[in-house]
$ cat coords13.cif   # mmCIF, C-alpha atoms
data_input
loop_
_atom_site.label_atom_id
_atom_site.label_comp_id
_atom_site.auth_asym_id
_atom_site.auth_seq_id
_atom_site.Cartn_x
_atom_site.Cartn_y
_atom_site.Cartn_z
CA MET A 916 10.64 -3.24 -18.61
CA ASN A 917 12.81 -4.24 -15.67
CA ARG A 918 11.91 -4.02 -12.01
CA ARG A 919 13.82 -0.79 -11.42
CA ASP A 920 11.94 0.95 -14.24
CA TRP A 921 8.64 -0.27 -12.84
CA ILE A 922 9.48 1.10 -9.39
CA ARG A 923 10.39 4.44 -10.99
CA THR A 924 7.07 4.37 -12.87
CA MET A 925 5.17 3.63 -9.67
CA GLY A 926 6.61 6.75 -8.03
CA GLY A 927 5.80 8.90 -11.05
CA ALA A 928 2.23 7.67 -11.11
CA GLY A 929 1.71 8.52 -7.45
CA LEU A 930 1.29 4.94 -6.25
CA ALA A 931 2.30 4.70 -2.61
CA LEU A 932 2.58 0.92 -2.59
CA GLY A 933 4.02 0.40 0.85
CA LEU A 934 4.77 -3.21 1.68
CA PRO A 935 3.40 -4.34 5.03
CA ALA A 936 6.07 -5.65 7.32
CA VAL A 937 6.78 -9.38 7.30
CA THR A 938 6.59 -10.05 11.01
CA SER A 939 5.48 -12.85 13.26
CA ARG A 940 3.01 -12.49 16.09
CA VAL A 941 5.63 -12.60 18.80
CA PHE A 942 3.12 -11.83 21.54
CA ALA A 943 -0.57 -11.18 22.03
CA LEU A 944 -1.42 -7.75 23.36
CA PRO A 945 -3.21 -8.09 26.68
CA ALA A 946 -5.43 -5.03 26.22
CA GLN A 947 -8.01 -4.11 23.58
CA ALA A 948 -7.49 -6.41 20.62
CA ASP A 949 -9.80 -4.26 18.47
CA ALA A 950 -8.36 -0.90 19.54
CA LYS A 951 -7.82 1.66 16.76
CA PHE A 952 -5.72 4.79 17.07
CA LEU A 953 -5.65 7.82 14.74
CA LEU A 954 -3.26 10.75 15.14
CA VAL A 955 -4.35 14.02 13.50
CA PHE A 956 -1.51 16.53 13.13
CA LEU A 957 -2.52 20.19 12.57
CA ARG A 958 0.53 21.58 10.79
CA GLY A 959 1.19 25.27 11.25
CA GLY A 960 0.53 25.64 14.98
CA TYR A 961 -3.17 26.26 15.66
CA ASP A 962 -4.46 28.89 18.07
CA ALA A 963 -5.58 26.70 20.95
CA ALA A 964 -6.70 29.64 23.14
CA ASN A 965 -9.51 30.41 20.70
CA VAL A 966 -10.63 26.77 20.57
CA LEU A 967 -10.66 25.82 24.25
CA VAL A 968 -11.48 29.33 25.43
CA PRO A 969 -10.50 30.42 28.97
CA ALA A 970 -13.82 32.25 29.18
CA GLY A 971 -13.45 33.07 32.87
CA SER A 972 -10.19 34.97 32.36
CA ASP A 973 -10.38 38.76 32.13
CA PHE A 974 -6.75 38.62 30.97
CA TYR A 975 -7.82 36.66 27.88
CA TYR A 976 -10.25 39.38 26.82
CA ALA A 977 -7.78 42.18 27.55
CA SER A 978 -5.12 40.39 25.47
CA ARG A 979 -7.36 39.86 22.44
CA PRO A 980 -9.47 42.96 21.82
CA ASN A 981 -10.24 41.99 18.21
CA ILE A 982 -10.16 38.20 18.06
CA ALA A 983 -11.42 36.97 21.46
CA ILE A 984 -14.51 34.75 21.48
CA ARG A 985 -17.34 36.27 23.48
CA ARG A 986 -18.15 34.88 26.88
CA PRO A 987 -20.81 32.15 26.98
CA VAL A 988 -24.32 33.49 27.43
CA PRO A 989 -25.86 32.96 30.88
CA PRO A 990 -28.43 30.21 31.33
CA ASN A 991 -31.90 31.10 30.01
CA ALA A 992 -30.50 34.07 28.04
CA ALA A 993 -31.07 34.51 24.32
CA PRO A 994 -28.57 32.49 22.27
CA ASP A 995 -25.62 34.29 20.71
CA PRO A 996 -24.08 32.52 17.68
CA ALA A 997 -20.80 34.41 18.23
CA ALA A 998 -20.43 33.38 21.88
CA ALA A 999 -18.30 30.56 23.19
CA LEU A 1000 -20.10 27.41 24.32
CA ALA A 1001 -19.70 26.73 28.03
CA LEU A 1002 -18.00 23.42 28.88
CA THR A 1003 -16.93 23.51 32.52
CA GLY A 1004 -18.96 26.32 34.08
CA GLN A 1005 -19.07 30.08 34.18
CA GLY A 1006 -16.49 30.70 36.93
CA ALA A 1007 -12.99 32.13 36.78
CA ASP A 1008 -11.56 28.75 35.80
CA GLY A 1009 -14.31 27.93 33.33
CA TRP A 1010 -13.51 26.64 29.83
CA ALA A 1011 -15.64 27.10 26.73
CA LEU A 1012 -15.63 25.93 23.11
CA HIS A 1013 -15.32 27.89 19.88
CA PRO A 1014 -18.83 28.22 18.37
CA ALA A 1015 -17.64 26.85 15.01
CA LEU A 1016 -17.43 23.43 16.72
CA GLY A 1017 -20.91 23.59 18.20
CA GLU A 1018 -22.58 21.31 15.67
CA THR A 1019 -19.80 18.75 15.48
CA MET A 1020 -17.61 18.52 18.57
CA LEU A 1021 -20.02 19.71 21.28
CA PRO A 1022 -22.24 16.62 20.82
CA LEU A 1023 -19.18 14.39 21.35
CA TRP A 1024 -18.35 16.34 24.50
CA GLN A 1025 -21.93 15.96 25.73
CA ARG A 1026 -21.78 12.20 25.07
CA GLN A 1027 -18.52 12.16 27.08
CA GLN A 1028 -16.55 11.08 24.01
CA LEU A 1029 -14.31 14.16 23.80
CA ALA A 1030 -11.73 15.50 26.25
CA PHE A 1031 -9.21 18.32 26.08
CA VAL A 1032 -5.67 18.47 27.47
CA PRO A 1033 -4.56 22.13 27.78
CA PHE A 1034 -1.00 23.28 28.47
CA ALA A 1035 0.29 20.38 26.38
CA GLY A 1036 3.27 20.13 24.05
CA THR A 1037 7.01 19.66 23.98
CA ASP A 1038 10.08 21.16 25.61
CA ASP A 1039 11.26 22.52 22.24
CA MET A 1040 11.55 26.30 22.49
CA SER A 1041 12.72 26.96 18.93
CA ARG A 1042 9.24 28.08 17.75
CA SER A 1043 10.28 26.66 14.39
CA HIS A 1044 7.58 24.74 12.51
CA PHE A 1045 10.11 22.37 11.03
CA GLU A 1046 12.26 21.66 14.06
CA THR A 1047 9.27 21.17 16.34
CA GLN A 1048 7.34 19.02 13.87
CA ASP A 1049 10.39 16.82 13.34
CA GLY A 1050 10.98 16.58 17.06
CA ILE A 1051 7.40 15.52 17.77
CA GLU A 1052 7.35 12.93 15.01
CA ALA A 1053 10.66 11.48 16.18
CA GLY A 1054 9.30 11.21 19.71
CA LEU A 1055 12.65 11.95 21.35
CA ASP A 1056 13.87 14.52 23.84
CA ALA A 1057 14.45 17.87 22.14
CA HIS A 1058 17.81 18.14 23.90
CA ALA A 1059 19.04 14.69 22.88
CA GLY A 1060 21.52 16.15 20.43
CA GLY A 1061 19.68 16.26 17.11
CA VAL A 1062 16.66 14.61 15.55
CA PRO A 1063 17.31 11.22 13.95
CA ARG A 1064 15.65 10.87 10.57
CA GLY A 1065 15.25 7.12 10.52
CA SER A 1066 12.58 6.45 13.11
CA GLY A 1067 9.23 7.89 14.18
CA PHE A 1068 7.27 7.08 17.31
CA LEU A 1069 4.25 5.57 15.54
CA ASN A 1070 6.55 3.19 13.67
CA ARG A 1071 8.11 2.20 16.99
CA LEU A 1072 4.61 1.74 18.40
CA ALA A 1073 3.86 -0.67 15.55
CA GLN A 1074 7.05 -2.57 16.41
CA ALA A 1075 6.05 -2.71 20.08
CA MET A 1076 2.64 -4.10 19.09
CA GLY A 1077 4.26 -6.96 17.21
CA GLY A 1078 2.21 -8.69 14.53
CA GLN A 1079 -1.03 -7.09 15.66
CA ALA A 1080 -0.13 -3.69 14.19
CA ALA A 1081 -1.65 -2.60 10.87
CA PRO A 1082 -0.42 0.99 10.42
CA VAL A 1083 -1.17 3.39 7.57
CA ALA A 1084 -0.41 7.03 6.66
CA PHE A 1085 -3.15 8.97 4.86
CA THR A 1086 -0.57 11.24 3.23
CA ASP A 1087 1.11 11.84 -0.14
CA GLY A 1088 4.42 10.54 1.15
CA LEU A 1089 5.42 8.54 4.19
CA PRO A 1090 5.68 10.97 7.13
CA MET A 1091 8.57 10.87 9.56
CA VAL A 1092 6.33 9.69 12.42
CA LEU A 1093 5.72 6.39 10.57
CA SER A 1094 9.24 5.91 9.23
CA GLY A 1095 11.36 3.10 10.59
CA GLY A 1096 11.71 -0.65 10.78
CA VAL A 1097 8.08 -1.52 10.00
CA ASN A 1098 7.12 -1.03 6.34
CA VAL A 1099 4.03 1.20 6.30
CA PRO A 1100 1.75 1.95 3.33
CA ASN A 1101 0.80 5.54 2.65
CA VAL A 1102 -2.43 6.34 0.85
CA SER A 1103 -3.00 9.81 -0.57
CA LEU A 1104 -6.57 11.05 -0.12
CA LYS A 1105 -6.14 13.68 -2.83
CA GLY A 1106 -6.69 11.22 -5.69
CA THR A 1107 -9.07 11.61 -8.60
CA GLY A 1108 -10.78 8.27 -8.19
CA ARG A 1109 -8.79 6.66 -11.01
CA THR A 1110 -6.43 3.79 -10.36
CA PRO A 1111 -2.82 4.58 -11.35
CA PHE A 1112 -2.40 1.36 -13.40
CA ASP A 1113 -4.65 -0.39 -15.87
CA GLU A 1114 -5.34 -4.12 -15.72
CA ARG A 1115 -2.50 -5.07 -18.07
CA GLN A 1116 0.07 -3.10 -16.10
CA THR A 1117 -1.17 -4.54 -12.82
CA LYS A 1118 -0.84 -8.11 -14.09
CA LEU A 1119 2.62 -7.43 -15.46
CA LEU A 1120 3.89 -6.02 -12.17
CA ALA A 1121 2.28 -8.84 -10.18
CA GLY A 1122 3.91 -11.38 -12.50
CA MET A 1123 7.36 -9.97 -11.79
CA TYR A 1124 6.93 -10.88 -8.11
CA ALA A 1125 5.10 -14.17 -8.61
CA GLY A 1126 6.60 -16.96 -6.57
CA THR A 1127 8.52 -14.60 -4.30
CA ARG A 1128 7.79 -13.72 -0.69
CA PHE A 1129 6.50 -10.35 -1.91
CA GLU A 1130 3.72 -11.81 -4.08
CA SER A 1131 0.95 -11.50 -1.48
CA LEU A 1132 2.22 -8.09 -0.34
CA ILE A 1133 2.07 -6.70 -3.87
CA ALA A 1134 -1.47 -7.99 -4.17
CA GLU A 1135 -2.40 -6.31 -0.88
CA GLY A 1136 -0.94 -3.04 -2.11
CA PHE A 1137 -2.97 -3.06 -5.32
CA ASP A 1138 -6.08 -4.04 -3.40
CA LEU A 1139 -5.60 -1.06 -1.10
CA ARG A 1140 -5.18 1.35 -3.99
CA GLN A 1141 -8.25 -0.08 -5.69
CA THR A 1142 -10.31 0.38 -2.52
CA VAL A 1143 -9.26 4.03 -2.26
CA ALA A 1144 -10.06 4.63 -5.92
CA GLU A 1145 -13.50 3.08 -5.57
CA GLN A 1146 -14.29 5.17 -2.51
CA ALA A 1147 -13.17 8.33 -4.28
CA GLU A 1148 -15.36 7.61 -7.30
CA ALA A 1149 -18.38 6.81 -5.13
CA MET A 1150 -18.09 10.18 -3.40
CA ARG A 1151 -17.05 12.23 -6.42
CA LEU A 1152 -20.34 14.06 -7.05
CA HIS A 1153 -20.92 14.80 -3.38
CA GLU A 1154 -17.35 16.03 -2.97
CA THR A 1155 -17.62 18.32 -6.00
CA ALA A 1156 -20.73 19.90 -4.54
CA MET A 1157 -19.02 20.40 -1.21
CA LYS A 1158 -16.01 22.10 -2.78
CA ALA A 1159 -18.24 24.38 -4.83
CA GLY A 1160 -19.95 25.48 -1.64
CA ASP A 1161 -16.64 26.23 0.03
CA ASP A 1162 -15.29 28.53 -2.69
CA SER A 1163 -16.22 31.68 -0.75
CA ALA A 1164 -13.89 30.64 2.08
CA ALA A 1165 -10.89 29.97 -0.15
CA GLY A 1166 -9.77 33.60 -0.32
CA ARG A 1167 -9.80 33.93 3.47
CA MET A 1168 -7.64 30.88 4.11
CA GLN A 1169 -4.04 32.02 3.95
CA GLU A 1170 -2.30 28.70 4.09
CA MET A 1171 1.38 28.65 4.80
CA GLN A 1172 2.53 25.98 2.37
CA ALA A 1173 5.95 25.48 3.88
CA ALA A 1174 4.62 24.89 7.39
CA SER A 1175 1.89 22.60 6.05
CA ARG A 1176 4.41 20.33 4.30
CA ARG A 1177 1.94 19.31 1.59
CA ALA A 1178 -0.60 18.27 4.21
CA LEU A 1179 -4.23 17.93 3.30
CA SER A 1180 -6.19 21.19 3.45
CA ALA A 1181 -8.94 21.48 6.05
CA ARG A 1182 -11.33 22.54 3.26
CA GLY A 1183 -13.34 19.54 2.21
CA PHE A 1184 -11.79 17.40 4.95
CA GLU A 1185 -15.15 15.77 5.64
CA GLN A 1186 -15.10 13.65 2.48
CA GLU A 1187 -11.51 12.54 2.98
CA ALA A 1188 -12.30 11.64 6.59
CA ARG A 1189 -15.10 9.33 5.46
CA ARG A 1190 -12.73 7.45 3.15
CA MET A 1191 -10.18 7.27 5.92
CA ALA A 1192 -12.76 5.84 8.33
CA GLY A 1193 -13.73 3.13 5.85
CA LEU A 1194 -10.14 2.02 5.49
CA MET A 1195 -9.47 2.03 9.23
CA ARG A 1196 -12.70 0.16 9.88
CA ASP A 1197 -11.79 -2.63 7.46
CA LYS A 1198 -8.00 -2.75 7.16
CA PHE A 1199 -5.94 -0.71 9.63
CA ASN A 1200 -5.67 -0.04 13.36
CA VAL A 1201 -3.00 2.71 13.59
CA GLY A 1202 -3.37 5.74 11.34
CA PHE A 1203 -1.91 9.19 10.73
CA ILE A 1204 -3.26 12.22 8.85
CA ASP A 1205 -1.93 15.77 8.73
CA VAL A 1206 -4.03 18.86 7.99
CA GLY A 1207 -2.38 22.13 6.98
CA GLY A 1208 -3.17 25.83 7.01
CA TRP A 1209 -3.07 26.72 10.72
CA ASP A 1210 -0.37 29.42 10.67
CA THR A 1211 -2.70 32.38 11.32
CA HIS A 1212 -0.40 35.40 11.57
CA VAL A 1213 -2.80 37.79 9.81
CA ASN A 1214 -6.58 38.31 10.09
CA GLN A 1215 -7.18 35.21 12.14
CA GLY A 1216 -10.73 36.21 13.02
CA GLY A 1217 -12.76 35.39 16.08
CA ALA A 1218 -16.11 33.63 16.02
CA GLN A 1219 -16.02 34.04 12.24
CA GLY A 1220 -13.16 34.26 9.78
CA GLN A 1221 -10.08 32.28 8.90
CA LEU A 1222 -9.69 30.15 12.03
CA ALA A 1223 -13.44 29.58 12.33
CA ASN A 1224 -13.56 28.21 8.80
CA LEU A 1225 -10.66 25.87 9.49
CA LEU A 1226 -12.29 24.63 12.68
CA ASP A 1227 -15.66 24.12 11.00
CA ASN A 1228 -14.09 21.93 8.32
CA LEU A 1229 -11.95 20.03 10.81
CA GLY A 1230 -14.91 19.43 13.11
CA ARG A 1231 -17.08 18.19 10.27
CA GLY A 1232 -14.32 15.83 9.21
CA LEU A 1233 -13.86 14.37 12.67
CA ALA A 1234 -17.61 13.97 13.14
CA ALA A 1235 -17.84 12.28 9.73
CA PHE A 1236 -15.02 9.94 10.68
CA ALA A 1237 -16.84 8.98 13.88
CA ALA A 1238 -20.07 8.32 11.98
CA GLU A 1239 -18.49 6.42 9.08
CA ILE A 1240 -16.38 4.08 11.18
CA GLY A 1241 -19.59 2.78 12.71
CA PRO A 1242 -19.55 0.32 15.64
CA ALA A 1243 -15.72 0.38 15.59
CA TRP A 1244 -15.97 3.89 17.08
CA ARG A 1245 -16.40 2.35 20.53
CA ASP A 1246 -12.83 0.99 20.27
CA THR A 1247 -11.34 4.05 18.54
CA THR A 1248 -9.19 6.83 19.97
CA VAL A 1249 -8.46 9.98 17.93
CA VAL A 1250 -5.83 12.43 19.20
CA VAL A 1251 -5.49 15.89 17.60
CA ILE A 1252 -2.17 17.68 18.13
CA SER A 1253 -0.14 20.54 16.65
CA GLU A 1254 3.54 21.41 16.81
CA PHE A 1255 2.85 24.32 19.19
CA GLY A 1256 0.24 26.86 20.18
CA ARG A 1257 0.31 30.55 19.40
CA THR A 1258 1.01 33.75 21.29
CA PHE A 1259 -1.59 34.50 23.94
CA ARG A 1260 -1.84 38.16 22.97
CA GLU A 1261 -2.98 39.04 19.47
CA ASN A 1262 -0.45 40.77 17.23
CA GLY A 1263 -0.68 44.03 15.27
CA THR A 1264 -2.27 42.37 12.24
CA ARG A 1265 -5.15 40.80 14.20
CA GLY A 1266 -3.52 37.40 14.20
CA THR A 1267 -1.25 35.38 16.47
CA ASP A 1268 2.38 34.36 16.19
CA HIS A 1269 4.32 31.18 16.99
CA GLY A 1270 3.88 30.15 20.60
CA HIS A 1271 4.61 27.19 22.85
CA GLY A 1272 1.95 25.27 24.81
CA THR A 1273 -1.17 24.11 23.04
CA VAL A 1274 -4.33 22.05 23.62
CA TYR A 1275 -4.72 18.42 22.56
CA TRP A 1276 -8.09 16.91 21.66
CA VAL A 1277 -8.85 13.28 22.53
CA ALA A 1278 -12.02 11.79 21.03
CA GLY A 1279 -13.45 8.31 20.72
CA GLY A 1280 -16.03 5.85 21.90
CA ASN A 1281 -13.63 4.58 24.55
CA VAL A 1282 -12.57 8.04 25.77
CA ARG A 1283 -13.49 9.25 29.25
CA GLY A 1284 -14.64 12.56 27.89
CA GLY A 1285 -16.67 15.56 28.92
CA ARG A 1286 -13.61 16.72 30.88
CA VAL A 1287 -10.61 19.04 30.66
CA VAL A 1288 -7.78 16.94 32.06
CA GLY A 1289 -4.09 17.07 32.85
CA GLU A 1290 -2.03 19.52 34.91
CA GLN A 1291 -3.39 23.06 34.62
CA VAL A 1292 -2.58 26.58 35.75
CA ALA A 1293 -4.64 29.75 35.97
CA VAL A 1294 -4.58 31.83 32.79
CA ALA A 1295 -2.82 34.99 33.99
CA PRO A 1296 0.24 37.10 33.07
CA SER A 1297 2.28 35.42 35.80
CA THR A 1298 1.73 31.93 34.35
CA LEU A 1299 2.61 32.65 30.72
CA ASN A 1300 5.75 31.15 29.24
CA GLN A 1301 8.23 34.00 28.65
CA ASP A 1302 5.31 36.43 29.09
CA ARG A 1303 3.93 35.45 25.69
CA ASP A 1304 2.31 32.02 25.43
CA TYR A 1305 0.90 28.99 27.24
CA PRO A 1306 3.40 26.97 29.27
CA VAL A 1307 3.75 23.23 28.76
CA ARG A 1308 2.68 21.25 31.82
CA ASN A 1309 1.68 18.04 30.01
CA ASP A 1310 4.47 16.54 27.91
CA TYR A 1311 3.13 14.94 24.74
CA ARG A 1312 5.26 11.82 25.07
CA ALA A 1313 4.07 11.17 28.62
CA VAL A 1314 0.42 11.77 27.66
CA LEU A 1315 0.52 9.57 24.54
CA GLY A 1316 2.51 6.94 26.40
CA GLY A 1317 -0.27 6.77 28.97
CA VAL A 1318 -2.85 6.35 26.21
CA PHE A 1319 -0.82 3.57 24.55
CA ARG A 1320 -0.42 1.77 27.86
CA ARG A 1321 -4.20 1.77 28.35
CA LEU A 1322 -5.03 0.84 24.75
CA TYR A 1323 -2.49 -1.92 24.23
CA GLY A 1324 -1.32 -2.96 27.69
CA LEU A 1325 2.27 -2.11 26.82
CA ASP A 1326 4.69 -2.58 29.69
CA ASP A 1327 7.46 -0.14 30.62
CA GLY A 1328 9.96 -1.90 28.38
CA ARG A 1329 7.85 -1.61 25.24
CA LEU A 1330 6.83 1.97 26.05
CA ALA A 1331 10.51 2.84 26.41
CA ARG A 1332 11.00 1.69 22.79
CA VAL A 1333 8.21 4.02 21.65
CA PHE A 1334 9.33 7.08 23.66
CA PRO A 1335 12.92 6.58 24.86
CA GLY A 1336 13.72 8.47 28.03
CA SER A 1337 10.09 9.33 28.79
CA ARG A 1338 7.83 7.98 31.52
CA ALA A 1339 4.22 7.31 30.50
CA ARG A 1340 1.63 9.25 32.48
CA ASP A 1341 -1.93 8.00 32.71
CA ILE A 1342 -4.23 11.02 33.12
CA GLY A 1343 -7.41 8.98 32.69
CA LEU A 1344 -8.16 9.69 29.03
CA VAL A 1345 -9.22 6.12 28.14
#

$ encode --input "coords13.cif" --output "structure tokens"
Amino acid sequence: MNRRDWIRTMGGAGLALGLPAVTSRVFALPAQADAKFLLVFLRGGYDAANVLVPAGSDFYYASRPNIAIRRPVPPNAAPDPAAALALTGQGADGWALHPALGETMLPLWQRQQLAFVPFAGTDDMSRSHFETQDGIEAGLDAHAGGVPRGSGFLNRLAQAMGGQAAPVAFTDGLPMVLSGGVNVPNVSLKGTGRTPFDERQTKLLAGMYAGTRFESLIAEGFDLRQTVAEQAEAMRLHETAMKAGDDSAAGRMQEMQAASRRALSARGFEQEARRMAGLMRDKFNVGFIDVGGWDTHVNQGGAQGQLANLLDNLGRGLAAFAAEIGPAWRDTTVVVISEFGRTFRENGTRGTDHGHGTVYWVAGGNVRGGRVVGEQVAVAPSTLNQDRDYPVRNDYRAVLGGVFRRLYGLDDGRLARVFPGSRARDIGLV
């Protein structure tokens, strides 16, 4: 079998054998040498207003008669499992958390390892899943005259980091955000625990590259796949039990497959997050994962229901990631984003439609958490974008640029390669 046939076979077998870039360490990053960064992309546009709840806004409750989260209970009152969890006080500008995240994300907030950035997003007003997702992953101005397909901002970050970057995509295929000049491996977390090649096939493929500059890279690729397979097998029984317990929620989760772009489902995300943490702890320092199913047009629910189930699974996954990565958590930053938020008012089918501004989550052992940060406005009819959704006051490129500056000590020149035409803004997240 010739090399071309083997490559075709690799694709058919689902082996994402990305070859790490052959680069030299052209400079040493002056900031955290052990820093790890994970970007979590919620595909479908999640309803941020029911996650970081503007509990002090009467307008919020008037706009959502069926799906609003109840106000937090006063101090010393009997607990209410359907009430939002107070974060920043009970006043008119108070924020609260969806109760589905009480067991998982609230402890991070209380340990000051979780922050929220409301009124965040892009200047893209298309409200199209695909256009906005592509625009975010490219990391370019939405009005720059089209979205180039050859380069994503995390790939450019890896280039700016020089030889110290070890990026990975935890996806079936290489996402646009990691496409570009640096060769990046992608590792699907949906595997069965079986390696795609037996020992004879592995030796044959390795022999074809013996003595070439790709020999060690091929070996690294097989080692990575073997590690993933071993982790999957070790967790197989536990994962099966988890999925069996989640069957009742499956009928309520109306995933929009097109918007999710084959992203991992939130259901069972906890087990995948543990595998992901093990790989980032031992092998990688820049990662990407996308989670689908957030397009909640119909029967979104409030404290319980479709969105609550998604949030519960997402929260458990993020908490599992933090636990599994161990001591490396103190040098880890996790940012959760979505292509846009949703309409502030609920629609006629007790859901929400495509919106604009959203809320970003920033978690990690090095995060200055326990705060809601960034430019904010009062939640009122007069402040809505086009009288329908959150405005964007915190541009995602500026916010992420500020995080990258703090994590890696990147100067203006290198940040300009990551986000051309954008000025990094440090809002004190790390």

$ atom_distance --input "coords13.cif" --atom1 "atom CA of A:Ser1041" --atom2 "atom CA of A:Leu1093"
23.3 Å

$ resolve_selection --input "coords13.cif" --expression "the PyMOL selection byres ((chain A and resi 1196) around 12)" --output "VMD selection string"
chain A and resid 949 to 953 1081 1188 to 1195 1197 to 1202 1236 to 1247

$ resolve_selection --input "coords13.cif" --expression "the PyMOL selection byres ((chain A and resi 995-999) around 9)" --output "ChimeraX atom specification"
/A:966,968,970,984-988,992-994,1000-1001,1011-1015,1017,1217-1219

$ residues_near_point --input "coords13.cif" --point "(-7.3, 18.9, 24.7)" --cutoff "8 Å" --atoms "only C-alpha atoms" --output "PDB file with C-alpha atoms, in the coordinates of the input"
ATOM      1  CA  LEU A 967     -10.660  25.820  24.250  1.00  0.00           C
ATOM      2  CA  ALA A1030     -11.730  15.500  26.250  1.00  0.00           C
ATOM      3  CA  PHE A1031      -9.210  18.320  26.080  1.00  0.00           C
ATOM      4  CA  VAL A1032      -5.670  18.470  27.470  1.00  0.00           C
ATOM      5  CA  PRO A1033      -4.560  22.130  27.780  1.00  0.00           C
ATOM      6  CA  ALA A1035       0.290  20.380  26.380  1.00  0.00           C
ATOM      7  CA  VAL A1251      -5.490  15.890  17.600  1.00  0.00           C
ATOM      8  CA  VAL A1274      -4.330  22.050  23.620  1.00  0.00           C
ATOM      9  CA  TYR A1275      -4.720  18.420  22.560  1.00  0.00           C
ATOM     10  CA  TRP A1276      -8.090  16.910  21.660  1.00  0.00           C
ATOM     11  CA  VAL A1277      -8.850  13.280  22.530  1.00  0.00           C
ATOM     12  CA  VAL A1287     -10.610  19.040  30.660  1.00  0.00           C
ATOM     13  CA  VAL A1288      -7.780  16.940  32.060  1.00  0.00           C
TER      14      VAL A1288
END

$ residues_around --input "coords13.cif" --residues "stretch 1338-1341 of chain A" --least-positions-apart "4" --cutoff "7 Å" --atoms "all atoms listed in the file" --output "ChimeraX atom specification"
/A:1313-1314,1316-1318

$ write_last_selection --input "coords13.cif" --atoms "C-alpha atoms" --output "mmCIF file, in the frame of the given file"
data_model
loop_
_atom_site.group_PDB
_atom_site.id
_atom_site.type_symbol
_atom_site.label_atom_id
_atom_site.label_comp_id
_atom_site.auth_asym_id
_atom_site.auth_seq_id
_atom_site.Cartn_x
_atom_site.Cartn_y
_atom_site.Cartn_z
ATOM 1 C CA ALA A 1313 4.070 11.170 28.620
ATOM 2 C CA VAL A 1314 0.420 11.770 27.660
ATOM 3 C CA GLY A 1316 2.510 6.940 26.400
ATOM 4 C CA GLY A 1317 -0.270 6.770 28.970
ATOM 5 C CA VAL A 1318 -2.850 6.350 26.210
#

$ closest_residue --input "coords13.cif" --among "A:Phe1184, A:Leu1002, A:Gly1232, A:Thr1258" --to "A:Asp1304" --atoms "all atoms listed in the file"
A:Thr1258

$ atom_distance --input "coords13.cif" --atom1 "atom CA of A:Gly1256" --atom2 "atom CA of A:Pro1335"
24.4 Å

$ residues_around --input "coords13.cif" --residues "A:Val1307" --least-positions-apart "5" --cutoff "8 Å" --atoms "all atoms listed in the file" --output "PyMOL selection string"
chain A and resi 1034-1038+1271-1273

$ atom_distance --input "coords13.cif" --atom1 "atom CA of A:Ile1204" --atom2 "atom CA of A:Val1099"
13.5 Å

$ resolve_selection --input "coords13.cif" --expression "the PyMOL selection byres ((chain A and resi 1265-1267) around 12)" --output "compact mmCIF listing (two decimals) with C-alpha atoms, in the coordinates of the input"
# COMPACT_ATOMS: atom_id res chain seq x y z
CA GLY A 959 1.19 25.27 11.25
CA GLY A 960 0.53 25.64 14.98
CA TYR A 961 -3.17 26.26 15.66
CA ASP A 962 -4.46 28.89 18.07
CA ALA A 963 -5.58 26.70 20.95
CA ALA A 964 -6.70 29.64 23.14
CA ASN A 965 -9.51 30.41 20.70
CA SER A 978 -5.12 40.39 25.47
CA ARG A 979 -7.36 39.86 22.44
CA PRO A 980 -9.47 42.96 21.82
CA ASN A 981 -10.24 41.99 18.21
CA ILE A 982 -10.16 38.20 18.06
CA ALA A 983 -11.42 36.97 21.46
CA GLN A 1169 -4.04 32.02 3.95
CA TRP A 1209 -3.07 26.72 10.72
CA ASP A 1210 -0.37 29.42 10.67
CA THR A 1211 -2.70 32.38 11.32
CA HIS A 1212 -0.40 35.40 11.57
CA VAL A 1213 -2.80 37.79 9.81
CA ASN A 1214 -6.58 38.31 10.09
CA GLN A 1215 -7.18 35.21 12.14
CA GLY A 1216 -10.73 36.21 13.02
CA GLY A 1217 -12.76 35.39 16.08
CA GLY A 1220 -13.16 34.26 9.78
CA GLN A 1221 -10.08 32.28 8.90
CA LEU A 1222 -9.69 30.15 12.03
CA GLY A 1256 0.24 26.86 20.18
CA ARG A 1257 0.31 30.55 19.40
CA THR A 1258 1.01 33.75 21.29
CA PHE A 1259 -1.59 34.50 23.94
CA ARG A 1260 -1.84 38.16 22.97
CA GLU A 1261 -2.98 39.04 19.47
CA ASN A 1262 -0.45 40.77 17.23
CA GLY A 1263 -0.68 44.03 15.27
CA THR A 1264 -2.27 42.37 12.24
CA ASP A 1268 2.38 34.36 16.19
CA HIS A 1269 4.32 31.18 16.99
CA GLY A 1270 3.88 30.15 20.60
CA HIS A 1271 4.61 27.19 22.85
CA ARG A 1303 3.93 35.45 25.69
CA ASP A 1304 2.31 32.02 25.43

$ decode --input "coords13.cif" --residues "stretch 1214-1226 of chain A" --atoms "C-alpha atoms" --output "compact mmCIF listing (two decimals), in the first residue's frame"
# COMPACT_ATOMS: atom_id res chain seq x y z
CA ASN A 1214 -39.54 25.24 25.43
CA GLN A 1215 -36.30 26.56 26.81
CA GLY A 1216 -37.44 26.21 30.41
CA GLY A 1217 -36.45 28.22 33.44
CA ALA A 1218 -34.93 26.75 36.57
CA GLN A 1219 -35.71 23.34 35.10
CA GLY A 1220 -35.98 22.11 31.54
CA GLN A 1221 -33.90 22.17 28.40
CA LEU A 1222 -31.45 24.96 29.24
CA ALA A 1223 -31.10 23.83 32.85
CA ASN A 1224 -30.11 20.35 31.71
CA LEU A 1225 -27.52 21.76 29.32
CA LEU A 1226 -26.08 23.98 32.04
